[in-house]
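Content type PDB, C-alpha atoms and all ligand atoms, from the file input-v5.pdb:
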```pdb
ATOM      1  CA  MET A   1       2.560  16.704  -1.524
ATOM      2  CA  ALA A   2       6.258  15.889  -1.663
ATOM      3  CA  THR A   3       6.539  13.543  -4.583
ATOM      4  CA  ILE A   4       4.384  13.540  -7.658
ATOM      5  CA  THR A   5       6.207  11.031  -9.774
ATOM      6  CA  PRO A   6       3.721   8.784 -11.503
ATOM      7  CA  PHE A   7       4.649   5.564 -13.176
ATOM      8  CA  PRO A   8       7.869   4.296 -11.653
ATOM      9  CA  ALA A   9      10.186   3.057 -14.382
ATOM     10  CA  PRO A  10       9.376  -0.460 -15.560
ATOM     11  CA  SER A  11      12.007  -3.061 -14.807
ATOM     12  CA  THR A  12      14.508  -3.251 -17.646
ATOM     13  CA  THR A  13      13.699  -6.729 -18.830
ATOM     14  CA  SER A  14      13.174  -5.588 -22.405
ATOM     15  CA  ALA A  15      15.138  -7.660 -24.883
ATOM     16  CA  GLN A  16      15.767  -4.533 -26.917
ATOM     17  CA  THR A  17      19.079  -2.807 -26.197
ATOM     18  CA  PRO A  18      18.497   0.886 -25.592
ATOM     19  CA  LEU A  19      19.858   3.273 -28.176
ATOM     20  CA  LEU A  20      20.752   5.595 -25.353
ATOM     21  CA  CYS A  21      21.529   4.530 -21.814
ATOM     22  CA  VAL A  22      22.257   7.104 -19.134
ATOM     23  CA  ARG A  23      23.288   6.148 -15.613
ATOM     24  CA  GLY A  24      23.727   8.508 -12.664
ATOM     25  CA  LEU A  25      24.558  11.506 -14.853
ATOM     26  CA  ARG A  26      25.633  14.531 -12.832
ATOM     27  CA  LYS A  27      26.471  18.030 -13.928
ATOM     28  CA  ALA A  28      26.960  21.221 -11.933
ATOM     29  CA  PHE A  29      27.799  24.773 -12.912
ATOM     30  CA  GLU A  30      29.870  26.507 -10.231
ATOM     31  CA  ARG A  31      28.659  24.038  -7.622
ATOM     32  CA  ARG A  32      25.023  24.527  -8.646
ATOM     33  CA  GLU A  33      23.811  21.035  -9.437
ATOM     34  CA  VAL A  34      21.676  20.917 -12.556
ATOM     35  CA  LEU A  35      21.674  17.184 -13.275
ATOM     36  CA  ARG A  36      21.528  15.156 -10.074
ATOM     37  CA  GLY A  37      21.943  11.578 -11.151
ATOM     38  CA  VAL A  38      19.913  11.192 -14.324
ATOM     39  CA  ASP A  39      18.991   7.601 -15.188
ATOM     40  CA  TRP A  40      17.382   7.322 -18.596
ATOM     41  CA  GLU A  41      16.940   4.716 -21.280
ATOM     42  CA  VAL A  42      15.694   5.528 -24.748
ATOM     43  CA  LEU A  43      14.697   2.732 -27.101
ATOM     44  CA  ALA A  44      15.179   3.032 -30.844
ATOM     45  CA  GLY A  45      12.177   4.024 -32.908
ATOM     46  CA  ARG A  46      10.578   6.437 -30.443
ATOM     47  CA  VAL A  47       9.751  10.126 -30.712
ATOM     48  CA  ILE A  48      10.430  11.622 -27.310
ATOM     49  CA  GLY A  49       9.417  15.050 -26.106
ATOM     50  CA  LEU A  50      11.623  16.274 -23.278
ATOM     51  CA  LEU A  51       9.655  18.578 -21.008
ATOM     52  CA  GLY A  52      10.796  20.611 -18.052
ATOM     53  CA  ARG A  53      10.461  24.106 -16.695
ATOM     54  CA  ASN A  54      12.818  26.904 -17.676
ATOM     55  CA  GLY A  55      16.202  26.132 -16.180
ATOM     56  CA  ALA A  56      15.315  22.484 -15.446
ATOM     57  CA  GLY A  57      18.426  21.429 -17.368
ATOM     58  CA  LYS A  58      17.080  20.217 -20.729
ATOM     59  CA  THR A  59      19.765  21.900 -22.819
ATOM     60  CA  THR A  60      22.429  20.762 -20.367
ATOM     61  CA  LEU A  61      21.174  17.179 -20.552
ATOM     62  CA  LEU A  62      20.992  17.110 -24.351
ATOM     63  CA  ARG A  63      24.508  18.523 -24.636
ATOM     64  CA  CYS A  64      25.895  16.023 -22.126
ATOM     65  CA  LEU A  65      24.224  13.149 -24.005
ATOM     66  CA  LEU A  66      26.092  14.075 -27.165
ATOM     67  CA  GLY A  67      29.430  14.686 -25.465
ATOM     68  CA  LEU A  68      29.207  18.427 -26.156
ATOM     69  CA  SER A  69      29.503  19.320 -22.500
ATOM     70  CA  PRO A  70      31.745  17.568 -19.949
ATOM     71  CA  VAL A  71      29.956  15.708 -17.156
ATOM     72  CA  ASP A  72      30.859  15.511 -13.465
ATOM     73  CA  GLY A  73      29.793  11.924 -12.973
ATOM     74  CA  GLY A  74      27.833   8.998 -14.315
ATOM     75  CA  SER A  75      27.872   7.531 -17.783
ATOM     76  CA  VAL A  76      26.250   7.849 -21.182
ATOM     77  CA  GLU A  77      26.150   5.061 -23.738
ATOM     78  CA  LEU A  78      25.070   5.886 -27.255
ATOM     79  CA  PHE A  79      24.577   3.144 -29.849
ATOM     80  CA  GLY A  80      26.000   0.725 -27.294
ATOM     81  CA  ALA A  81      29.351   2.462 -26.700
ATOM     82  CA  PRO A  82      30.403   4.948 -24.008
ATOM     83  CA  MET A  83      30.063   8.578 -25.038
ATOM     84  CA  VAL A  84      33.142  10.456 -23.884
ATOM     85  CA  GLU A  85      33.475  13.171 -26.457
ATOM     86  CA  PRO A  86      31.845  14.004 -29.777
ATOM     87  CA  GLY A  87      33.382  12.778 -32.990
ATOM     88  CA  GLY A  88      33.997   9.357 -34.469
ATOM     89  CA  THR A  89      31.918   7.606 -37.048
ATOM     90  CA  ARG A  90      28.861   7.152 -34.860
ATOM     91  CA  MET A  91      28.318  10.914 -34.922
ATOM     92  CA  HIS A  92      27.429  10.411 -38.609
ATOM     93  CA  ARG A  93      24.305   8.765 -37.254
ATOM     94  CA  VAL A  94      23.359  11.741 -35.082
ATOM     95  CA  GLY A  95      21.705  15.007 -36.092
ATOM     96  CA  PHE A  96      21.650  17.873 -33.605
ATOM     97  CA  VAL A  97      19.740  21.145 -33.736
ATOM     98  CA  PRO A  98      20.992  23.443 -30.969
ATOM     99  CA  GLN A  99      18.844  26.073 -29.310
ATOM    100  CA  SER A 100      20.599  28.873 -31.167
ATOM    101  CA  PHE A 101      22.570  28.726 -34.362
ATOM    102  CA  ASP A 102      25.170  31.439 -34.765
ATOM    103  CA  LEU A 103      27.864  29.761 -36.826
ATOM    104  CA  PHE A 104      29.495  30.921 -40.066
ATOM    105  CA  PRO A 105      27.638  34.204 -40.603
ATOM    106  CA  TRP A 106      29.772  34.969 -43.665
ATOM    107  CA  MET A 107      28.877  31.727 -45.468
ATOM    108  CA  LYS A 108      26.075  31.420 -47.955
ATOM    109  CA  VAL A 109      23.365  28.851 -47.279
ATOM    110  CA  ARG A 110      24.277  26.487 -50.104
ATOM    111  CA  ALA A 111      28.027  26.738 -49.416
ATOM    112  CA  TYR A 112      27.397  25.975 -45.754
ATOM    113  CA  LEU A 113      25.359  22.872 -46.566
ATOM    114  CA  ASP A 114      27.939  21.652 -49.110
ATOM    115  CA  PHE A 115      30.701  22.243 -46.583
ATOM    116  CA  THR A 116      28.785  20.339 -43.880
ATOM    117  CA  ALA A 117      27.868  17.490 -46.244
ATOM    118  CA  ALA A 118      31.560  16.683 -46.658
ATOM    119  CA  PHE A 119      31.751  15.598 -43.011
ATOM    120  CA  TYR A 120      29.014  12.980 -43.294
ATOM    121  CA  ALA A 121      29.044   9.455 -44.668
ATOM    122  CA  ARG A 122      25.450   9.964 -45.870
ATOM    123  CA  TRP A 123      23.898  13.187 -47.113
ATOM    124  CA  ASN A 124      20.591  13.406 -48.907
ATOM    125  CA  HIS A 125      21.187  16.304 -51.319
ATOM    126  CA  ALA A 126      17.740  15.976 -52.867
ATOM    127  CA  LEU A 127      16.093  16.219 -49.452
ATOM    128  CA  ALA A 128      18.180  19.261 -48.487
ATOM    129  CA  ALA A 129      17.300  20.975 -51.797
ATOM    130  CA  ARG A 130      13.601  20.177 -51.389
ATOM    131  CA  LEU A 131      13.476  21.519 -47.836
ATOM    132  CA  LEU A 132      15.311  24.709 -48.832
ATOM    133  CA  GLY A 133      12.649  25.247 -51.489
ATOM    134  CA  GLU A 134       9.659  24.390 -49.325
ATOM    135  CA  TRP A 135      10.927  26.444 -46.406
ATOM    136  CA  GLN A 136      11.801  29.361 -48.663
ATOM    137  CA  LEU A 137      15.452  29.546 -47.759
ATOM    138  CA  ASP A 138      17.540  31.318 -50.396
ATOM    139  CA  PRO A 139      20.653  29.219 -51.109
ATOM    140  CA  GLY A 140      22.529  32.381 -52.126
ATOM    141  CA  GLN A 141      21.850  34.322 -48.913
ATOM    142  CA  LYS A 142      24.504  34.742 -46.239
ATOM    143  CA  ILE A 143      23.740  33.025 -42.922
ATOM    144  CA  GLY A 144      24.410  36.249 -41.019
ATOM    145  CA  GLN A 145      21.572  37.886 -42.950
ATOM    146  CA  LEU A 146      18.993  35.224 -42.100
ATOM    147  CA  SER A 147      16.312  35.868 -39.508
ATOM    148  CA  GLN A 148      16.333  33.790 -36.338
ATOM    149  CA  GLY A 149      13.564  31.563 -37.662
ATOM    150  CA  GLN A 150      15.332  31.103 -41.011
ATOM    151  CA  ARG A 151      18.512  30.111 -39.200
ATOM    152  CA  GLN A 152      16.574  27.599 -37.192
ATOM    153  CA  LYS A 153      15.161  26.137 -40.400
ATOM    154  CA  LEU A 154      18.676  25.901 -41.835
ATOM    155  CA  ALA A 155      19.901  24.156 -38.679
ATOM    156  CA  ILE A 156      17.067  21.661 -39.084
ATOM    157  CA  VAL A 157      17.923  21.015 -42.757
ATOM    158  CA  ARG A 158      21.541  20.512 -41.760
ATOM    159  CA  ALA A 159      20.550  18.013 -39.058
ATOM    160  CA  ILE A 160      18.057  16.058 -41.187
ATOM    161  CA  ALA A 161      20.014  15.826 -44.466
ATOM    162  CA  PRO A 162      22.459  13.161 -43.156
ATOM    163  CA  GLU A 163      19.392  10.955 -42.497
ATOM    164  CA  PRO A 164      20.432  10.395 -38.901
ATOM    165  CA  ASP A 165      19.356   7.426 -36.815
ATOM    166  CA  LEU A 166      19.090   9.742 -33.810
ATOM    167  CA  LEU A 167      17.900  13.307 -34.157
ATOM    168  CA  VAL A 168      18.257  15.560 -31.121
ATOM    169  CA  LEU A 169      16.585  18.941 -31.225
ATOM    170  CA  ASP A 170      16.747  21.601 -28.536
ATOM    171  CA  GLU A 171      13.616  23.754 -28.802
ATOM    172  CA  PRO A 172      13.674  23.514 -32.577
ATOM    173  CA  VAL A 173      10.479  25.432 -33.182
ATOM    174  CA  ALA A 174      10.866  28.300 -30.732
ATOM    175  CA  SER A 175      11.474  30.840 -33.521
ATOM    176  CA  LEU A 176       9.194  29.335 -36.129
ATOM    177  CA  ASP A 177       5.829  30.783 -37.040
ATOM    178  CA  PRO A 178       2.831  28.445 -36.602
ATOM    179  CA  GLN A 179       2.741  27.443 -40.289
ATOM    180  CA  ALA A 180       6.453  26.681 -40.347
ATOM    181  CA  ARG A 181       6.097  24.778 -37.062
ATOM    182  CA  ARG A 182       3.402  22.530 -38.460
ATOM    183  CA  ALA A 183       5.332  21.972 -41.686
ATOM    184  CA  PHE A 184       8.439  21.197 -39.699
ATOM    185  CA  MET A 185       6.663  18.751 -37.407
ATOM    186  CA  ALA A 186       5.025  16.980 -40.357
ATOM    187  CA  GLU A 187       8.362  16.719 -42.150
ATOM    188  CA  LEU A 188      10.109  15.538 -39.059
ATOM    189  CA  LEU A 189       7.616  12.832 -38.333
ATOM    190  CA  ALA A 190       7.447  11.642 -41.915
ATOM    191  CA  LEU A 191      11.197  11.339 -41.995
ATOM    192  CA  MET A 192      11.700   9.797 -38.637
ATOM    193  CA  ARG A 193       8.713   7.465 -38.303
ATOM    194  CA  ALA A 194      10.870   4.637 -39.692
ATOM    195  CA  PRO A 195      11.214   1.713 -37.273
ATOM    196  CA  ASP A 196      14.730   2.447 -36.058
ATOM    197  CA  LYS A 197      14.801   6.234 -36.225
ATOM    198  CA  THR A 198      14.681   8.050 -32.932
ATOM    199  CA  VAL A 199      13.925  11.679 -32.141
ATOM    200  CA  ILE A 200      14.495  13.451 -28.849
ATOM    201  CA  PHE A 201      13.345  17.021 -28.746
ATOM    202  CA  SER A 202      12.869  19.545 -26.010
ATOM    203  CA  THR A 203      10.019  21.966 -26.365
ATOM    204  CA  HIS A 204       7.588  24.067 -24.397
ATOM    205  CA  ILE A 205       4.934  23.718 -27.089
ATOM    206  CA  THR A 206       2.907  20.850 -25.764
ATOM    207  CA  ALA A 207       0.469  20.970 -28.697
ATOM    208  CA  ASP A 208       3.294  19.795 -30.971
ATOM    209  CA  LEU A 209       3.907  16.810 -28.750
ATOM    210  CA  GLU A 210       0.197  15.984 -28.783
ATOM    211  CA  ARG A 211       0.204  16.094 -32.590
ATOM    212  CA  ALA A 212       3.334  13.952 -32.724
ATOM    213  CA  ASP A 213       1.838  11.449 -30.265
ATOM    214  CA  ALA A 214       5.254  11.466 -28.632
ATOM    215  CA  ASP A 215       6.530   9.731 -25.554
ATOM    216  CA  ILE A 216       6.830  12.301 -22.812
ATOM    217  CA  ALA A 217       9.942  12.529 -20.644
ATOM    218  CA  LEU A 218       9.810  14.916 -17.722
ATOM    219  CA  LEU A 219      12.995  16.447 -16.330
ATOM    220  CA  ARG A 220      12.477  17.784 -12.844
ATOM    221  CA  ASP A 221      14.700  18.182  -9.795
ATOM    222  CA  GLY A 222      17.725  17.191 -11.885
ATOM    223  CA  ARG A 223      16.301  13.807 -12.893
ATOM    224  CA  ILE A 224      14.131  12.243 -15.552
ATOM    225  CA  GLN A 225      10.989  11.538 -13.566
ATOM    226  CA  PHE A 226       9.310   9.329 -16.153
ATOM    227  CA  THR A 227       9.196   8.556 -19.866
ATOM    228  CA  ARG A 228       5.786   7.403 -20.995
ATOM    229  CA  PRO A 229       3.654   7.426 -24.142
ATOM    230  CA  LEU A 230       1.342  10.413 -24.099
ATOM    231  CA  ALA A 231      -1.682   8.176 -24.670
ATOM    232  CA  GLU A 232      -0.779   6.202 -21.549
ATOM    233  CA  LEU A 233      -0.370   9.360 -19.478
ATOM    234  CA  LYS A 234      -3.756  10.562 -20.610
ATOM    235  CA  ALA A 235      -5.410   7.201 -20.022
ATOM    236  CA  ARG A 236      -4.094   6.891 -16.492
ATOM    237  CA  LEU A 237      -4.240  10.442 -15.196
ATOM    238  CA  CYS A 238      -7.314  12.528 -14.650
ATOM    239  CA  HIS A 239      -8.162  15.819 -13.051
ATOM    240  CA  ALA A 240     -11.093  15.975 -10.669
ATOM    241  CA  VAL A 241     -12.653  18.956  -8.939
ATOM    242  CA  LEU A 242     -14.620  18.466  -5.738
ATOM    243  CA  SER A 243     -16.669  21.475  -4.573
ATOM    244  CA  ARG A 244     -18.534  22.147  -1.354
ATOM    245  CA  PRO A 245     -19.562  25.415   0.282
ATOM    246  CA  ALA A 246     -17.861  24.485   3.577
ATOM    247  CA  GLY A 247     -14.454  24.520   1.881
ATOM    248  CA  TRP A 248     -11.508  22.243   2.644
ATOM    249  CA  ALA A 249      -9.961  23.150   6.004
ATOM    250  CA  GLN A 250      -8.949  19.502   6.248
ATOM    251  CA  LEU A 251      -7.724  17.677   3.181
ATOM    252  CA  PRO A 252      -9.146  14.211   2.615
ATOM    253  CA  THR A 253      -6.847  11.249   2.029
ATOM    254  CA  VAL A 254      -7.413  10.033  -1.504
ATOM    255  CA  ASP A 255      -5.653   6.922  -2.783
ATOM    256  CA  GLY A 256      -4.094   7.595  -6.173
ATOM    257  CA  ALA A 257      -3.916  11.375  -5.678
ATOM    258  CA  LEU A 258      -0.651  12.752  -7.007
ATOM    259  CA  LYS A 259      -1.498  16.312  -6.171
ATOM    260  CA  LEU A 260      -4.171  18.212  -4.244
ATOM    261  CA  ARG A 261      -4.753  21.925  -4.485
ATOM    262  CA  VAL A 262      -7.425  24.035  -2.768
ATOM    263  CA  ALA A 263      -8.949  27.081  -4.456
ATOM    264  CA  GLY A 264     -11.838  28.507  -2.401
ATOM    265  CA  GLU A 265     -14.573  25.907  -2.154
ATOM    266  CA  ARG A 266     -12.903  23.740  -4.798
ATOM    267  CA  LEU A 267     -10.458  20.927  -4.250
ATOM    268  CA  HIS A 268      -8.452  20.092  -7.383
ATOM    269  CA  LEU A 269      -6.986  16.608  -7.551
ATOM    270  CA  LEU A 270      -4.585  15.074 -10.036
ATOM    271  CA  LEU A 271      -5.258  11.354  -9.889
ATOM    272  CA  GLU A 272      -3.583   8.263 -11.206
ATOM    273  CA  ASP A 273      -5.522   5.101 -11.985
ATOM    274  CA  VAL A 274      -8.635   6.086 -10.047
ATOM    275  CA  PRO A 275     -11.857   4.748 -11.622
ATOM    276  CA  PRO A 276     -14.749   7.244 -11.933
ATOM    277  CA  GLU A 277     -17.019   5.151  -9.705
ATOM    278  CA  ARG A 278     -14.564   5.569  -6.829
ATOM    279  CA  LEU A 279     -14.572   9.311  -7.381
ATOM    280  CA  HIS A 280     -18.361   9.449  -7.349
ATOM    281  CA  GLN A 281     -18.381   7.510  -4.083
ATOM    282  CA  LEU A 282     -15.761   9.877  -2.641
ATOM    283  CA  ALA A 283     -17.842  12.906  -3.627
ATOM    284  CA  LYS A 284     -20.872  11.341  -1.937
ATOM    285  CA  ASP A 285     -18.897  10.578   1.238
ATOM    286  CA  LEU A 286     -17.527  14.123   1.371
ATOM    287  CA  ASP A 287     -20.849  15.716   0.492
ATOM    288  CA  ALA A 288     -19.286  17.492  -2.441
ATOM    289  CA  SER A 289     -20.139  17.933  -6.094
ATOM    290  CA  LEU A 290     -17.762  16.382  -8.599
ATOM    291  CA  ARG A 291     -16.384  17.368 -11.993
ATOM    292  CA  ILE A 292     -13.989  15.061 -13.817
ATOM    293  CA  GLU A 293     -11.779  16.458 -16.571
ATOM    294  CA  MET A 294      -9.437  14.799 -19.016
ATOM    295  CA  PRO A 295      -6.300  16.901 -18.784
ATOM    296  CA  THR A 296      -4.421  18.174 -21.796
ATOM    297  CA  LEU A 297      -0.676  17.672 -21.869
ATOM    298  CA  GLU A 298      -0.310  21.321 -20.947
ATOM    299  CA  ASP A 299      -2.506  20.739 -17.874
ATOM    300  CA  LEU A 300      -0.361  17.746 -16.929
ATOM    301  CA  PHE A 301       2.811  19.726 -17.421
ATOM    302  CA  VAL A 302       1.562  22.512 -15.181
ATOM    303  CA  GLU A 303       0.673  19.978 -12.493
ATOM    304  CA  LEU A 304       3.727  17.744 -12.721
ATOM    305  CA  ALA A 305       6.700  19.872 -13.775
TER     306      ALA A 305
HETATM  307  N1  LIG A 401      27.452  27.610 -19.116
HETATM  308  C1  LIG A 401      26.751  27.749 -17.991
HETATM  309  N2  LIG A 401      27.302  28.353 -16.909
HETATM  310  C2  LIG A 401      26.610  28.473 -15.751
HETATM  311  N3  LIG A 401      25.335  28.046 -15.586
HETATM  312  C3  LIG A 401      24.735  27.465 -16.637
HETATM  313  C4  LIG A 401      25.407  27.281 -17.898
HETATM  314  N4  LIG A 401      24.570  26.653 -18.736
HETATM  315  C5  LIG A 401      23.425  26.454 -18.053
HETATM  316  N5  LIG A 401      23.523  26.930 -16.801
HETATM  317  C6  LIG A 401      22.488  26.864 -15.758
HETATM  318  O1  LIG A 401      22.001  25.552 -15.699
HETATM  319  C7  LIG A 401      20.595  25.552 -15.478
HETATM  320  C8  LIG A 401      19.920  24.716 -16.561
HETATM  321  O2  LIG A 401      20.050  25.411 -17.782
HETATM  322  P1  LIG A 401      19.501  24.782 -19.132
HETATM  323  O3  LIG A 401      19.771  25.759 -20.234
HETATM  324  O4  LIG A 401      20.033  23.411 -19.285
HETATM  325  O5  LIG A 401      17.938  24.697 -18.812
HETATM  326  P2  LIG A 401      16.693  24.439 -19.806
HETATM  327  O6  LIG A 401      15.836  23.432 -19.136
HETATM  328  O7  LIG A 401      17.188  24.105 -21.167
HETATM  329  O8  LIG A 401      15.997  25.847 -19.777
HETATM  330  P3  LIG A 401      15.048  26.589 -20.866
HETATM  331  O9  LIG A 401      13.746  25.836 -20.899
HETATM  332  O10 LIG A 401      14.882  27.947 -20.262
HETATM  333  O11 LIG A 401      15.771  26.592 -22.174
HETATM  334  C9  LIG A 401      20.164  27.015 -15.454
HETATM  335  O12 LIG A 401      20.034  27.400 -14.112
HETATM  336  C10 LIG A 401      21.294  27.741 -16.114
HETATM  337  O13 LIG A 401      21.454  29.021 -15.561
END
```

This entry written out as structure tokens:
Amino acid sequence: MATITPFPAPSTTSAQTPLLCVRGLRKAFERREVLRGVDWEVLAGRVIGLLGRNGAGKTTLLRCLLGLSPVDGGSVELFGAPMVEPGGTRMHRVGFVPQSFDLFPWMKVRAYLDFTAAFYARWNHALAARLLGEWQLDPGQKIGQLSQGQRQKLAIVRAIAPEPDLLVLDEPVASLDPQARRAFMAELLALMRAPDKTVIFSTHITADLERADADIALLRDGRIQFTRPLAELKARLCHAVLSRPAGWAQLPTVDGALKLRVAGERLHLLLEDVPPERLHQLAKDLDASLRIEMPTLEDLFVELA
């Protein structure tokens, strides 16, 4: 099936001005197009999980949004003004955790945070000190001597301490152990669940997004395919399995099917907005047995990404 893009974007009649507005964003590396005209609007106050396969362009997109990577075309507006390059006072309102953090290996943790604090209009010293303690980061240790996971924690403290209005995190938990991941997610959500705080984070750990009850944005084929609350995705999509000994030499036409896949005598269907009674009727018509499953986000990702 060629396209599997559920939920076309709603018309932009919302009275709320988006915090981030991306139009036709393009980016190529040596003529290899990674972003192929991204259109994306993010409203303030949302927690958004950016999903996409390896190499889909998540890091590239996040960097372009913040002016950290030049773009080949299109536009990005952040807080209502065009984003051309990083810097300026509005960057005080943005926290960014990059995928890897290799800066200032000679600096000690506390010195690095004090140094960074000087660049921000706001800096919550008490919060930074608390997180260092809770996450067992030694303020006197040199950054170069920290483990990968400890560096990632430090990058998160650095990004959160300015109490940003927009926090952008690129696979922030990839190096964290499960306990640290949960603590981080809880901290993040407690901090950012204020009405106008917005979080965009890329991750492959779908369980974290389920816990965060995030909006899910899928980057595929160089575009954001949809951005929808996870609860809505789960309410509207279901996975059905039709089985019959004769197999499926010919695929049936099923309204609402986003994807069909045959495995032996089973036909797997990813369906959008198809009521169970219609599925039962279909199974009867096709002389097949039916199993309906509520997909996890990981299941959806595997089907859609
Ligand atoms: N500096 C660069 N020079 C050349 N190609 C690059 C560069 N940065 C990224 N790419 C390419 O752009 C594509 C998208 O990379 P990107 O890191 O944005 O993907 P991603 O979705 O973040 O992947 P992952 O989930 O593996 O982190 C990849 O094919 C990558 O090889």

Do a neighbour search on A:Arg211 at 10 Å with only C-alpha atoms, toss out local chain neighbours closer than 5 positions, and write the hits as an NGL selection string.
-> :A and (182 or 185-186 or 189 or 206)

Interatomic distance, atom CA of A:Met192 to atom CA of A:Met91 (Å, one decimal) |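 About the pair atom CA of A:Met192 and atom CA of A:Met91: they are 17.1 Å apart.
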
Let me have all residues with an atom within 6 Å of ligand LIG 401 (chain A), counting only C-alpha atoms and all ligand atoms, laid out as a ChimeraX atom specification.
-> /A:29,34,52-60

Residues from the last selection, C-alpha atoms, saved as a PDB file, in the coordinates of the input:
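Written output follows (selection31.pdb):
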```
ATOM      1  CA  PHE A  29      27.799  24.773 -12.912  1.00  0.00           C
ATOM      2  CA  VAL A  34      21.676  20.917 -12.556  1.00  0.00           C
ATOM      3  CA  GLY A  52      10.796  20.611 -18.052  1.00  0.00           C
ATOM      4  CA  ARG A  53      10.461  24.106 -16.695  1.00  0.00           C
ATOM      5  CA  ASN A  54      12.818  26.904 -17.676  1.00  0.00           C
ATOM      6  CA  GLY A  55      16.202  26.132 -16.180  1.00  0.00           C
ATOM      7  CA  ALA A  56      15.315  22.484 -15.446  1.00  0.00           C
ATOM      8  CA  GLY A  57      18.426  21.429 -17.368  1.00  0.00           C
ATOM      9  CA  LYS A  58      17.080  20.217 -20.729  1.00  0.00           C
ATOM     10  CA  THR A  59      19.765  21.900 -22.819  1.00  0.00           C
ATOM     11  CA  THR A  60      22.429  20.762 -20.367  1.00  0.00           C
TER      12      THR A  60
END
```

For A:Ala246, which residue out of A:Arg266, A:Arg46, A:Lys259, A:Lys108 is the nearest one, using all atoms listed in the file?
->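 Looking only at the distances to A:Ala246, the closest residue turns out to be A:Arg266.
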
Quick one: which residues end up in the PyMOL selection byres (((chain A and resi 49) around 10) and not hetatm) for this structure, as a list in words?
->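 Here the PyMOL selection byres (((chain A and resi 49) around 10) and not hetatm) matches Arg46, Val47, Ile48, Leu50, Leu51, Gly52, Leu169, Val199, Ile200, Phe201, Ser202, Thr203, His204, Ile205, Thr206, Asp208, Leu209, Glu210, Ala212, Asp213, Ala214, Asp215, Ile216, Ala217, Leu218, Thr227, Arg228, Pro229 and Leu230 of chain A.
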
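Taking only C-alpha atoms into account, A:Glu41 lies nearest to A:Thr17 out of the set A:Thr116, A:Thr253, A:Thr17, A:Gln148.
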
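Atom CA of A:Arg278 lies 11.4 Å from atom CA of A:Leu290.
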
On this structure, which residues satisfy the PyMOL selection byres (((chain A and resi 25) around 7) and not hetatm), written as a tab-separated table (two decimals) with C-alpha atoms, in the frame of the given file?
```tsv
chain	number	residue	atom	x	y	z
A	22	VAL	CA	22.26	7.10	-19.13
A	23	ARG	CA	23.29	6.15	-15.61
A	24	GLY	CA	23.73	8.51	-12.66
A	26	ARG	CA	25.63	14.53	-12.83
A	27	LYS	CA	26.47	18.03	-13.93
A	35	LEU	CA	21.67	17.18	-13.28
A	36	ARG	CA	21.53	15.16	-10.07
A	37	GLY	CA	21.94	11.58	-11.15
A	38	VAL	CA	19.91	11.19	-14.32
A	39	ASP	CA	18.99	7.60	-15.19
A	73	GLY	CA	29.79	11.92	-12.97
A	74	GLY	CA	27.83	9.00	-14.32
A	75	SER	CA	27.87	7.53	-17.78
```

Distance query A:Val84 at most 9 Å, only C-alpha atoms, self and fewer than 6 positions along chain excluded, as a list in words = Leu66, Gly67, Pro70, Ser75, Val76 and Glu77 of chain A

Could you turn the residues from that selection into a file that holds C-alpha atoms, as a PDB file, keeping the file's coordinate frame?
```pdb
ATOM      1  CA  LEU A  66      26.092  14.075 -27.165  1.00  0.00           C
ATOM      2  CA  GLY A  67      29.430  14.686 -25.465  1.00  0.00           C
ATOM      3  CA  PRO A  70      31.745  17.568 -19.949  1.00  0.00           C
ATOM      4  CA  SER A  75      27.872   7.531 -17.783  1.00  0.00           C
ATOM      5  CA  VAL A  76      26.250   7.849 -21.182  1.00  0.00           C
ATOM      6  CA  GLU A  77      26.150   5.061 -23.738  1.00  0.00           C
TER       7      GLU A  77
END
```

Counting all atoms listed in the file, figure out which residue out of A:Arg130, A:Arg122, A:Arg151, A:His280 gets nearest to A:Gln99.
-> A:Arg151

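This file, filtered with the PyMOL selection byres (((chain A and resi 19) around 10) and not hetatm), gives the residues Gln16, Thr17, Pro18, Leu20, Cys21, Glu41, Val42, Leu43, Ala44, Gly45, Glu77, Leu78, Phe79, Gly80, Ala81, Asp165, Leu166, Asp196, Lys197 and Thr198 of chain A.
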